[in-house]
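Trainee: Here you go, this is entry-v9.txt (compact mmCIF, C-alpha atoms).
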```
# COMPACT_ATOMS: atom_id res chain seq x y z
CA MET U 24 115.18 56.71 69.95
CA THR U 25 117.91 54.13 69.21
CA GLY U 26 121.02 53.97 67.09
CA GLU U 27 121.92 57.63 67.77
CA ALA U 28 125.58 58.60 68.28
CA LEU U 29 125.56 60.03 71.79
CA SER U 30 128.11 61.82 73.91
CA GLY U 31 128.12 63.60 77.22
CA ALA U 32 129.55 63.69 80.70
CA PRO U 33 129.39 60.53 82.83
CA ALA U 34 126.13 60.39 84.75
CA ARG U 35 125.45 58.89 88.16
CA TYR U 36 122.42 56.95 89.42
CA TRP U 37 122.19 53.95 87.11
CA HIS U 38 122.93 50.23 86.99
CA PRO U 39 123.21 47.60 84.25
CA LEU U 40 120.47 45.04 83.68
CA ALA U 41 120.89 41.38 82.77
CA ASP U 42 119.50 41.95 79.28
CA GLY U 43 122.19 44.52 78.42
CA ARG U 44 120.11 47.62 79.02
CA LEU U 45 120.91 50.30 81.60
CA GLN U 46 118.39 51.40 84.20
CA CYS U 47 118.49 55.07 85.12
CA ASP U 48 117.82 55.37 88.85
CA LEU U 49 117.59 59.16 89.03
CA CYS U 50 113.81 59.49 89.17
CA PRO U 51 110.74 57.27 89.67
CA ARG U 52 110.46 56.64 85.92
CA GLU U 53 113.53 54.37 86.11
CA CYS U 54 113.93 54.33 82.33
CA ARG U 55 115.52 51.17 80.89
CA LEU U 56 117.70 52.10 77.95
CA ARG U 57 119.33 50.20 75.13
CA ASP U 58 122.57 51.48 73.64
CA GLY U 59 121.89 54.75 71.81
CA GLN U 60 118.58 55.32 73.56
CA ARG U 61 117.58 58.41 75.54
CA GLY U 62 115.38 58.46 78.62
CA PHE U 63 112.02 60.17 78.91
CA CYS U 64 113.81 63.35 80.01
CA PHE U 65 115.79 63.22 76.71
CA VAL U 66 119.05 64.37 78.31
CA ARG U 67 120.17 61.15 80.03
CA ALA U 68 121.18 58.42 77.60
CA ASN U 69 122.92 55.06 77.15
CA ALA U 70 126.12 55.74 75.21
CA GLY U 71 128.02 52.52 74.64
CA GLY U 72 127.00 50.88 77.88
CA ARG U 73 127.38 53.88 80.17
CA LEU U 74 124.88 56.53 81.17
CA VAL U 75 125.75 60.07 80.10
CA LEU U 76 124.29 63.53 80.65
CA THR U 77 124.13 65.05 77.16
CA THR U 78 123.52 68.62 78.36
CA ASP U 79 126.42 68.91 80.79
CA GLY U 80 127.87 72.42 80.72
CA ARG U 81 125.22 73.73 78.32
CA SER U 82 122.29 76.04 78.99
CA SER U 83 119.16 77.37 77.32
CA GLY U 84 120.11 80.80 78.66
CA PHE U 85 121.02 82.90 81.68
CA CYS U 86 119.02 85.70 83.23
CA ILE U 87 119.23 87.83 86.37
CA ASP U 88 115.86 87.88 88.15
CA PRO U 89 114.41 89.01 91.48
CA ILE U 90 114.35 86.14 93.98
CA GLU U 91 110.60 86.68 94.35
CA LYS U 92 110.14 85.45 90.78
CA LYS U 93 111.21 81.88 91.64
CA PRO U 94 108.93 82.37 93.69
CA LEU U 95 110.65 82.68 97.06
CA ASN U 96 109.20 85.32 99.37
CA HIS U 97 110.99 84.37 102.58
CA PHE U 98 114.55 83.88 101.30
CA HIS U 99 116.68 87.05 101.13
CA PRO U 100 113.82 89.31 99.93
CA GLY U 101 114.62 91.91 97.31
CA THR U 102 117.86 90.28 96.16
CA SER U 103 118.85 89.18 92.68
CA VAL U 104 119.43 85.63 91.46
CA LEU U 105 121.20 84.36 88.35
CA SER U 106 118.80 81.86 86.78
CA PHE U 107 119.51 79.19 84.20
CA GLY U 108 118.27 75.84 82.91
CA THR U 109 119.05 73.31 80.21
CA ALA U 110 116.54 71.29 78.14
CA GLY U 111 114.19 68.38 78.73
CA CYS U 112 112.11 67.31 81.73
CA ASN U 113 111.15 64.10 83.54
CA LEU U 114 107.47 65.07 83.67
CA GLY U 115 105.19 65.62 80.71
CA CYS U 116 102.84 68.32 81.99
CA LYS U 117 100.19 69.17 79.43
CA PHE U 118 100.00 72.71 80.85
CA CYS U 119 103.76 73.40 80.92
CA GLN U 120 104.45 77.15 80.80
CA ASN U 121 108.06 76.54 79.67
CA TRP U 122 107.23 73.78 77.18
CA ASP U 123 109.57 75.13 74.49
CA ILE U 124 112.48 74.34 76.83
CA SER U 125 111.20 71.37 78.81
CA THR U 126 110.00 69.45 75.74
CA SER U 127 112.84 70.50 73.47
CA ARG U 128 114.40 67.77 71.34
CA GLU U 129 116.75 70.22 69.62
CA MET U 130 120.11 70.59 71.31
CA ASP U 131 120.77 73.79 69.35
CA ARG U 132 118.38 75.44 71.81
CA LEU U 133 121.27 75.18 74.24
CA ALA U 134 122.86 78.32 72.86
CA ASP U 135 125.02 79.13 75.87
CA GLU U 136 127.59 77.11 77.74
CA ALA U 137 129.54 77.66 80.92
CA SER U 138 131.45 75.84 83.62
CA GLY U 139 130.46 76.03 87.25
CA GLU U 140 133.25 78.51 87.92
CA GLN U 141 132.14 80.74 85.04
CA ILE U 142 128.55 80.78 86.33
CA ALA U 143 129.64 81.51 89.90
CA ARG U 144 131.94 84.27 88.69
CA ALA U 145 129.17 85.82 86.58
CA ALA U 146 126.68 85.71 89.45
CA SER U 147 129.13 87.27 91.87
CA GLY U 148 130.25 89.89 89.35
CA ASN U 149 126.65 90.93 88.72
CA GLY U 150 125.88 91.35 92.42
CA CYS U 151 123.66 88.30 92.75
CA VAL U 152 123.11 86.70 96.14
CA SER U 153 122.02 83.34 94.68
CA VAL U 154 122.04 81.11 91.61
CA ALA U 155 118.78 79.39 90.63
CA TYR U 156 118.47 76.10 88.75
CA THR U 157 115.16 76.57 86.94
CA TYR U 158 113.22 76.88 83.63
CA ASN U 159 113.32 73.09 83.21
CA ASP U 160 113.67 70.72 86.16
CA PRO U 161 117.25 70.77 87.52
CA VAL U 162 116.91 67.24 88.89
CA ILE U 163 117.53 65.86 85.39
CA PHE U 164 120.86 67.71 85.13
CA ALA U 165 121.81 67.01 88.74
CA GLU U 166 125.49 66.33 88.04
CA TYR U 167 125.94 69.65 86.23
CA ALA U 168 123.86 71.51 88.82
CA LEU U 169 126.01 70.16 91.64
CA ASP U 170 129.22 71.14 89.85
CA VAL U 171 127.85 74.68 89.60
CA ALA U 172 126.61 74.60 93.20
CA ARG U 173 130.05 73.73 94.53
CA ALA U 174 131.61 76.65 92.68
CA CYS U 175 128.88 78.97 93.92
CA ARG U 176 129.31 77.95 97.54
CA ALA U 177 133.04 78.59 97.27
CA ARG U 178 132.16 82.21 96.44
CA GLY U 179 129.56 82.52 99.20
CA LEU U 180 126.56 82.32 96.87
CA ASN U 181 123.30 80.55 97.69
CA ASN U 182 121.92 77.76 95.50
CA VAL U 183 118.18 77.67 94.72
CA ALA U 184 116.32 74.76 93.12
CA VAL U 185 113.01 75.30 91.33
CA THR U 186 111.79 71.75 90.88
CA ALA U 187 108.82 69.42 90.70
CA GLY U 188 110.54 67.19 93.25
CA TYR U 189 110.15 64.06 91.10
CA VAL U 190 113.34 62.28 92.15
CA ASN U 191 114.45 59.04 93.81
CA PRO U 192 115.96 59.10 97.32
CA GLU U 193 119.68 58.59 96.51
CA ALA U 194 119.80 61.36 93.91
CA ARG U 195 117.50 63.50 96.04
CA ASN U 196 119.87 63.34 99.00
CA ASP U 197 122.87 64.35 96.88
CA PHE U 198 121.06 67.05 94.93
CA PHE U 199 119.52 68.88 97.85
CA ALA U 200 122.75 68.67 99.87
CA GLY U 201 123.99 71.27 97.38
CA MET U 202 120.96 73.54 97.71
CA ASP U 203 120.14 76.29 100.21
CA ALA U 204 116.53 76.90 99.16
CA ALA U 205 113.90 75.19 97.03
CA ASN U 206 110.55 75.97 95.59
CA VAL U 207 108.76 72.70 94.87
CA ASP U 208 106.00 72.66 92.28
CA LEU U 209 103.14 70.64 93.75
CA LYS U 210 101.08 70.24 90.59
CA ALA U 211 97.91 69.11 92.36
CA PHE U 212 96.85 67.17 95.42
CA ASP U 213 95.43 64.28 93.44
CA ASP U 214 97.25 61.23 92.08
CA ASP U 215 94.83 60.86 89.16
CA PHE U 216 95.69 64.40 88.03
CA TYR U 217 99.39 63.54 88.20
CA ARG U 218 98.91 60.41 86.08
CA ARG U 219 96.61 62.03 83.48
CA VAL U 220 98.11 65.50 83.19
CA THR U 221 101.79 65.16 84.12
CA GLY U 222 102.55 61.53 83.39
CA GLY U 223 103.90 61.11 86.91
CA ARG U 224 102.67 60.22 90.39
CA LEU U 225 101.92 62.27 93.48
CA ALA U 226 103.52 60.13 96.21
CA PRO U 227 107.19 60.75 95.25
CA VAL U 228 106.58 64.51 95.33
CA LEU U 229 105.04 64.36 98.79
CA ASP U 230 108.02 62.26 99.88
CA THR U 231 110.37 64.98 98.60
CA LEU U 232 108.45 67.67 100.47
CA THR U 233 108.52 65.84 103.80
CA TYR U 234 112.20 64.99 103.28
CA LEU U 235 113.11 68.61 102.64
CA ARG U 236 111.15 69.89 105.60
CA HIS U 237 112.27 67.36 108.19
CA GLU U 238 115.65 66.01 107.08
CA THR U 239 117.44 69.03 105.60
CA ASP U 240 118.16 72.69 106.34
CA VAL U 241 116.98 73.72 102.86
CA TRP U 242 114.55 76.64 103.02
CA LEU U 243 111.30 75.37 101.45
CA GLU U 244 108.40 77.05 99.68
CA VAL U 245 105.68 75.39 97.59
CA THR U 246 103.87 76.52 94.44
CA THR U 247 100.64 75.18 92.94
CA LEU U 248 99.51 76.39 89.53
CA LEU U 249 95.71 76.46 89.66
CA ILE U 250 94.04 75.25 86.46
CA PRO U 251 90.30 75.96 86.21
CA GLY U 252 88.24 72.79 86.54
CA HIS U 253 91.27 70.55 87.08
CA ASN U 254 92.88 71.16 90.50
CA ASP U 255 91.04 74.14 91.99
CA SER U 256 88.06 72.66 93.86
CA ASP U 257 87.49 73.73 97.45
CA ASP U 258 87.85 70.14 98.65
CA GLU U 259 91.20 69.60 96.96
CA LEU U 260 92.56 72.95 98.09
CA ARG U 261 91.48 72.27 101.66
CA ALA U 262 93.00 68.78 101.57
CA GLN U 263 96.31 70.11 100.26
CA ALA U 264 96.55 72.89 102.83
CA SER U 265 95.58 70.56 105.66
CA TRP U 266 98.23 68.05 104.57
CA MET U 267 100.86 70.79 104.49
CA VAL U 268 99.96 71.97 108.00
CA ARG U 269 100.00 68.41 109.32
CA GLU U 270 103.09 67.09 107.52
CA LEU U 271 105.21 70.18 106.86
CA GLY U 272 104.02 72.56 109.55
CA PRO U 273 102.22 75.89 109.22
CA ASP U 274 105.30 77.97 108.38
CA VAL U 275 106.05 76.63 104.87
CA PRO U 276 104.90 79.36 102.43
CA LEU U 277 102.44 78.32 99.74
CA HIS U 278 102.08 80.18 96.43
CA PHE U 279 98.95 79.81 94.29
CA SER U 280 99.78 80.81 90.74
CA ALA U 281 97.54 81.63 87.79
CA PHE U 282 97.48 79.37 84.74
CA HIS U 283 97.41 80.78 81.23
CA PRO U 284 96.46 78.66 78.19
CA ASP U 285 99.59 77.01 76.82
CA HIS U 286 101.13 73.87 75.32
CA ARG U 287 98.46 71.13 75.15
CA MET U 288 95.89 72.91 77.34
CA ARG U 289 95.21 75.96 75.19
CA HIS U 290 91.50 75.20 75.38
CA VAL U 291 91.40 75.78 79.16
CA PRO U 292 90.59 79.37 80.23
CA ARG U 293 92.99 81.55 82.18
CA THR U 294 92.69 81.33 85.96
CA PRO U 295 90.51 84.15 87.34
CA ALA U 296 92.06 86.27 90.09
CA SER U 297 89.06 85.39 92.24
CA THR U 298 90.12 81.71 92.17
CA LEU U 299 93.51 82.59 93.63
CA THR U 300 91.90 84.74 96.32
CA ARG U 301 89.52 81.90 97.21
CA ALA U 302 92.40 79.40 97.35
CA ARG U 303 94.42 81.73 99.56
CA GLU U 304 91.51 82.14 102.00
CA ILE U 305 90.97 78.36 102.17
CA ALA U 306 94.65 77.70 102.87
CA LEU U 307 94.84 80.39 105.55
CA ALA U 308 91.69 79.02 107.19
CA ALA U 309 93.30 75.55 107.21
CA GLY U 310 96.16 76.94 109.30
CA LEU U 311 98.94 77.92 106.88
CA ARG U 312 100.49 81.21 107.98
CA TYR U 313 101.96 82.46 104.71
CA VAL U 314 99.91 82.07 101.53
CA TYR U 315 100.52 84.08 98.37
CA THR U 316 99.02 84.62 94.92
CA GLY U 317 101.10 84.81 91.75
CA ASN U 318 100.87 85.75 88.06
CA VAL U 319 98.21 88.33 88.94
CA HIS U 320 98.37 91.88 90.27
CA ASP U 321 97.35 91.42 93.89
CA ARG U 322 99.24 93.49 96.44
CA ARG U 323 97.43 91.90 99.37
CA GLY U 324 98.09 88.42 98.02
CA GLY U 325 101.77 89.28 97.67
CA THR U 326 102.20 90.74 101.15
CA THR U 327 103.65 88.94 104.16
CA PHE U 328 101.44 89.50 107.20
CA CYS U 329 102.44 88.80 110.78
CA PRO U 330 100.62 85.64 111.94
CA GLY U 331 100.57 87.12 115.46
CA CYS U 332 99.18 90.64 115.06
CA ALA U 333 98.17 90.59 111.36
CA ARG U 334 100.17 93.71 110.49
CA PRO U 335 101.69 93.87 106.98
CA LEU U 336 105.44 93.34 107.32
CA ILE U 337 106.76 92.79 103.78
CA GLU U 338 104.59 94.46 101.18
CA ARG U 339 105.09 93.63 97.51
CA ASP U 340 103.76 94.97 94.23
CA TRP U 341 104.54 92.28 91.68
CA TYR U 342 108.28 91.77 92.32
CA ALA U 343 108.98 95.15 93.90
CA LEU U 344 109.29 95.54 97.68
CA LEU U 345 107.26 98.46 98.99
CA ARG U 346 107.77 97.80 102.69
CA PHE U 347 110.18 95.74 104.78
CA ASP U 348 109.31 95.95 108.46
CA LEU U 349 111.20 93.14 110.23
CA ASP U 350 113.64 92.99 113.10
CA VAL U 351 116.38 90.65 111.85
CA THR U 352 119.09 88.97 113.93
CA ASP U 353 121.37 86.26 112.52
CA GLY U 354 119.07 85.72 109.56
CA ARG U 355 115.94 85.27 111.68
CA GLY U 356 113.09 87.75 111.46
CA ARG U 357 110.63 88.96 114.06
CA CYS U 358 107.64 91.24 113.92
CA PRO U 359 108.69 94.59 115.42
CA HIS U 360 105.18 95.08 116.82
CA CYS U 361 104.50 91.81 118.69
CA ALA U 362 107.83 89.91 118.49
CA THR U 363 106.29 86.93 116.63
CA GLU U 364 108.97 85.04 114.73
CA ILE U 365 108.55 85.18 110.95
CA ALA U 366 109.78 82.02 109.25
CA GLY U 367 112.45 82.52 106.62
CA VAL U 368 116.02 83.56 105.87
CA PHE U 369 116.31 87.33 106.03
CA ASP U 370 118.91 90.08 105.80
CA ALA U 371 118.93 93.05 108.17
CA GLU U 372 118.36 95.24 105.12
CA PRO U 373 116.43 93.86 102.13
CA GLY U 374 117.79 93.88 98.62
CA ASP U 375 116.72 96.58 96.19
CA PHE U 376 116.97 94.73 92.87
CA GLY U 377 113.31 95.38 92.06
CA PRO U 378 111.30 93.82 89.23
CA ARG U 379 114.03 93.88 86.56
CA ARG U 380 114.87 90.95 84.28
CA ILE U 381 118.34 91.08 82.74
CA PRO U 382 119.34 88.40 80.19
CA ILE U 383 123.09 87.78 79.98
CA ARG U 384 125.42 85.65 77.86
CA LEU U 385 128.32 83.72 79.31
CA SER U 386 129.86 82.07 76.26
CA ALA U 387 131.25 83.62 73.12
CA ARG U 388 129.06 81.57 70.76
```
Have the structure of the file written as structure tokens, please.
Mentor:
Amino acid sequence: MTGEALSGAPARYWHPLADGRLQCDLCPRECRLRDGQRGFCFVRANAGGRLVLTTDGRSSGFCIDPIEKKPLNHFHPGTSVLSFGTAGCNLGCKFCQNWDISTSREMDRLADEASGEQIARAASGNGCVSVAYTYNDPVIFAEYALDVARACRARGLNNVAVTAGYVNPEARNDFFAGMDAANVDLKAFDDDFYRRVTGGRLAPVLDTLTYLRHETDVWLEVTTLLIPGHNDSDDELRAQASWMVRELGPDVPLHFSAFHPDHRMRHVPRTPASTLTRAREIALAAGLRYVYTGNVHDRRGGTTFCPGCARPLIERDWYALLRFDLDVTDGRGRCPHCATEIAGVFDAEPGDFGPRRIPIRLSAR
């Protein structure tokens, strides 16, 4: 799109090219933009020879959720999180479950607006422990997300990124320096799938995962949406789990989530619960200690078991905690039966927010 009158907040991560275009350096797409042209993500644009973020300070909506919905099962269980996103995305997943937001080309979808201080104040005032950058990928609105994150940290709130991890190293370092936890969407363990179905590549995502695990203190969990016939073979599941054990270690939780027909893959059937159970068993057999199922009713698949004595320690029914049986000291949990350390960030007493979802408005519009 060219010739459009554009405005927005100054963006980072770009440089001018000899032919007059700007190259956006935020993510591996490295879009090269003429004046008036938007990038693939639609929200970063060349406005008169400078890169701007057109969605700064604007949101597609705010909602208070349980932290387990992100999903994060080992980060302050039972607590509430104020969630928000903007519009656009730097991947083009054919199966996107939030496609109405991520593929939006209508800025009037951004019906709410708020500064970082307003968001932090709303989260704190509503009893939230964290703020989550989600719905669309927060990497594409990194500048806005980091403004919010600074305000949240000043009030003692945690920052949570729900992201596909498709980001270049400089922006990645800055973005995750503002985060306390992340759930990274690993779409598949196959580069051909990434190219055909998401329009991206696998390698940058694996780089983000290893970076988060070994070079930051960000609490990390991983989610893979299983799509029947596309990324759910035994071989691929085994390869993914084995890579995680080898490169990330056995303590990074993995969530297998059920696909439902949506966007441009409405012809693909819903994921059977048996597929998630099979995937969970394969990943556990490969050596991962914490593997969960999502988008299905599966109390066993939602429960945290001790990897030492196999007792159920945190039992969940959907997003409700039914049992919390951990000894917690300074945020670290141990099994009260065998003293095995349970990876995560825990409170001595869990939250009791439950499975509620509470939409809120921050602006007067």
Trainee: Skipping near chain neighbours, those fewer than 6 positions away, what residues fall within 6 Å of segment 68-71 of chain U using all atoms listed in the file, listed as number ranges by chain?
Mentor: U: 29, 58-62
Trainee: I'd like to know which of U:Gly111, U:Gly84, U:Gly310, U:Gly354 is closest to Asp160 of chain U, using only C-alpha atoms.
Mentor: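 Among the listed residues, the smallest separation from Asp160 of chain U belongs to U:Gly111.
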Trainee: Please compute the atom CA of Ile90 of chain U-atom CA of Ala302 of chain U distance, one decimal, in Å.
Mentor: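 These two atoms are separated by 23.2 Å.
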Trainee: Might you pull out every residue within 10 Å of Ile87 of chain U, with only C-alpha atoms counted and same-chain residues fewer than 5 positions away left off, and present them as a list of chain:residue names?
Mentor: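 Counting only the stated atoms, we get U:Ser103, U:Val104, U:Leu105, U:Ser106, U:Phe107, U:Ala146, U:Asn149, U:Gly150, U:Cys151, U:Ser153, U:Val154, U:Ala155, U:Phe376, U:Arg379, U:Arg380, U:Ile381, U:Pro382, U:Ile383.
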Trainee: Atoms to include: C-alpha atoms. Write the selected residues as a short mmCIF file (atom, residue, chain, number, x, y, z; two decimals), in the coordinates of the input.
Mentor:
```cif
data_model
loop_
_atom_site.label_atom_id
_atom_site.label_comp_id
_atom_site.auth_asym_id
_atom_site.auth_seq_id
_atom_site.Cartn_x
_atom_site.Cartn_y
_atom_site.Cartn_z
CA SER U 103 118.85 89.18 92.68
CA VAL U 104 119.43 85.63 91.46
CA LEU U 105 121.20 84.36 88.35
CA SER U 106 118.80 81.86 86.78
CA PHE U 107 119.51 79.19 84.20
CA ALA U 146 126.68 85.71 89.45
CA ASN U 149 126.65 90.93 88.72
CA GLY U 150 125.88 91.35 92.42
CA CYS U 151 123.66 88.30 92.75
CA SER U 153 122.02 83.34 94.68
CA VAL U 154 122.04 81.11 91.61
CA ALA U 155 118.78 79.39 90.63
CA PHE U 376 116.97 94.73 92.87
CA ARG U 379 114.03 93.88 86.56
CA ARG U 380 114.87 90.95 84.28
CA ILE U 381 118.34 91.08 82.74
CA PRO U 382 119.34 88.40 80.19
CA ILE U 383 123.09 87.78 79.98
#
```
Trainee: Excluding same-chain residues fewer than 3 positions from Thr239 of chain U, what lies within 10 Å of it counting only C-alpha atoms, as a ChimeraX atom specification?
Mentor: /U:196,199-200,202-203,233-236,242-243
Trainee: Store the residues of this selection in a file with C-alpha atoms, as a short mmCIF file (atom, residue, chain, number, x, y, z; two decimals), keeping the file's coordinate frame.
Mentor:
```cif
data_model
loop_
_atom_site.label_atom_id
_atom_site.label_comp_id
_atom_site.auth_asym_id
_atom_site.auth_seq_id
_atom_site.Cartn_x
_atom_site.Cartn_y
_atom_site.Cartn_z
CA ASN U 196 119.87 63.34 99.00
CA PHE U 199 119.52 68.88 97.85
CA ALA U 200 122.75 68.67 99.87
CA MET U 202 120.96 73.54 97.71
CA ASP U 203 120.14 76.29 100.21
CA THR U 233 108.52 65.84 103.80
CA TYR U 234 112.20 64.99 103.28
CA LEU U 235 113.11 68.61 102.64
CA ARG U 236 111.15 69.89 105.60
CA TRP U 242 114.55 76.64 103.02
CA LEU U 243 111.30 75.37 101.45
#
```
Trainee: Pull the closest atom pair for each residue of segment 37-129 of chain U that gets at most 12 Å from segment 313-326 of chain U, along with the distance in Å to one decimal, counting all atoms listed in the file, ordering rows by chain and then ascending residue number, as JSON lines.
Mentor:
```
{"residue": "U:Glu91", "atom": "CA", "partner": "U:Gly325", "partner_atom": "CA", "distance": 9.8}
{"residue": "U:Lys92", "atom": "CA", "partner": "U:Gly317", "partner_atom": "CA", "distance": 9.1}
{"residue": "U:Lys93", "atom": "CA", "partner": "U:Gly317", "partner_atom": "CA", "distance": 10.5}
{"residue": "U:Pro94", "atom": "CA", "partner": "U:Gly317", "partner_atom": "CA", "distance": 8.4}
{"residue": "U:Leu95", "atom": "CA", "partner": "U:Tyr315", "partner_atom": "CA", "distance": 10.3}
{"residue": "U:Asn96", "atom": "CA", "partner": "U:Gly325", "partner_atom": "CA", "distance": 8.6}
{"residue": "U:His97", "atom": "CA", "partner": "U:Tyr313", "partner_atom": "CA", "distance": 9.5}
{"residue": "U:Pro100", "atom": "CA", "partner": "U:Thr326", "partner_atom": "CA", "distance": 11.8}
{"residue": "U:Gln120", "atom": "CA", "partner": "U:Asn318", "partner_atom": "CA", "distance": 11.8}
```
Trainee: Write out as a list in words which residues come within 8 Å of Glu244 of chain U when counting only C-alpha atoms, dropping same-chain ones fewer than 5 positions away.
Mentor: Leu95, Ala205, Asn206, Val207, Val275, Pro276, Leu277 and His278 of chain U
Trainee: Using Å and a single decimal, report how far atom CA of Cys119 of chain U sits from atom CA of Val183 of chain U.
Mentor: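 These two atoms are separated by 20.4 Å.
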